[in-house]
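To start, the structure under review is shown below, and the notes come after it.
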Amino acid sequence: MSTLTHQANGVKKVTPATEQKVSTKIETVKVEAKSINLETTAEKRIKNAEYFSQICKKHNFLKEKSDELNAYIIGRDGIKETIKIKNAEQVSFEISNTVIIGKILELCQTELFEMVDKSEKEVLDFIV
């Protein structure tokens, strides 16, 4: 054997002072279940019912508007259509181009569908 092999095999392993010894003790972790406080007062339930009523009104309003828009889109003929936009000072702007009106209606329909979906989720997720 060469001297390098002999030295490597003959050297004792010394544990450094900074190395920590592994503990053989197994620690058990306690998991505490926290109870959910479902206590509620009559006032809270009544207030929640009022909030739920408002959410339902909003959903019904949006659903009605969605139905009206769908009925308009189905019945539209593309002839003699106009859209008027009016501000609080009664200044108005009128559009009669069918291509532009079609794009505006598509945008309205997309946004309204998203609002209806969101309000439906609010109704389904609400806890009285």
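By order of appearance in the structure tokens: chains A, B, ..., then residues from 1 within every chain, and ligands from 1 in the order shown.
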(message) Using only C-alpha atoms, which protein or nucleic acid residues come within 9 Å of Ser96 in chain A? Drop anything in the same chain fewer than 2 positions from it, and give the result as a VMD selection string.
(response) chain A and resid 80 to 84 94 98 to 101
(request) Name the residues in contact with range 111-115 of chain A at a cut-off of 10 Å, using only C-alpha atoms, excluding same-chain residues fewer than 6 positions from it; report them as a list in words. (result) Lys58, His59, Leu62, Lys63, Lys65, Ser66, Leu69, Leu105 and Lys121 of chain A
(request) Can you check which residues of range 71-108 of chain A DSSP gives as alpha helix (DSSP H) on the backbone and send them as number ranges by chain? (result) A: 71-75, 98-108
Assign secondary structure with DSSP using the backbone only, and return the residues of range 27-120 of chain A in strand (DSSP E) as a JSON list (two decimals) with C-alpha atoms, in the first residue's frame.
```json
[["chain", "number", "residue", "atom", "x", "y", "z"],
["A", 83, "ILE", "CA", -77.83, 54.50, -28.91],
["A", 84, "LYS", "CA", -78.02, 57.69, -26.88],
["A", 85, "ILE", "CA", -75.69, 58.50, -24.04],
["A", 86, "LYS", "CA", -76.74, 61.31, -21.75],
["A", 92, "SER", "CA", -76.26, 63.72, -25.07],
["A", 93, "PHE", "CA", -74.32, 61.78, -27.66],
["A", 94, "GLU", "CA", -75.99, 59.59, -30.29],
["A", 95, "ILE", "CA", -74.58, 56.67, -32.28]]
```
(message) Measuring between only C-alpha atoms, which one of A:Gly78, A:Val128, A:Asn70, A:Glu89 shows the shortest distance to Glu106 in chain A?
(response) A:Asn70
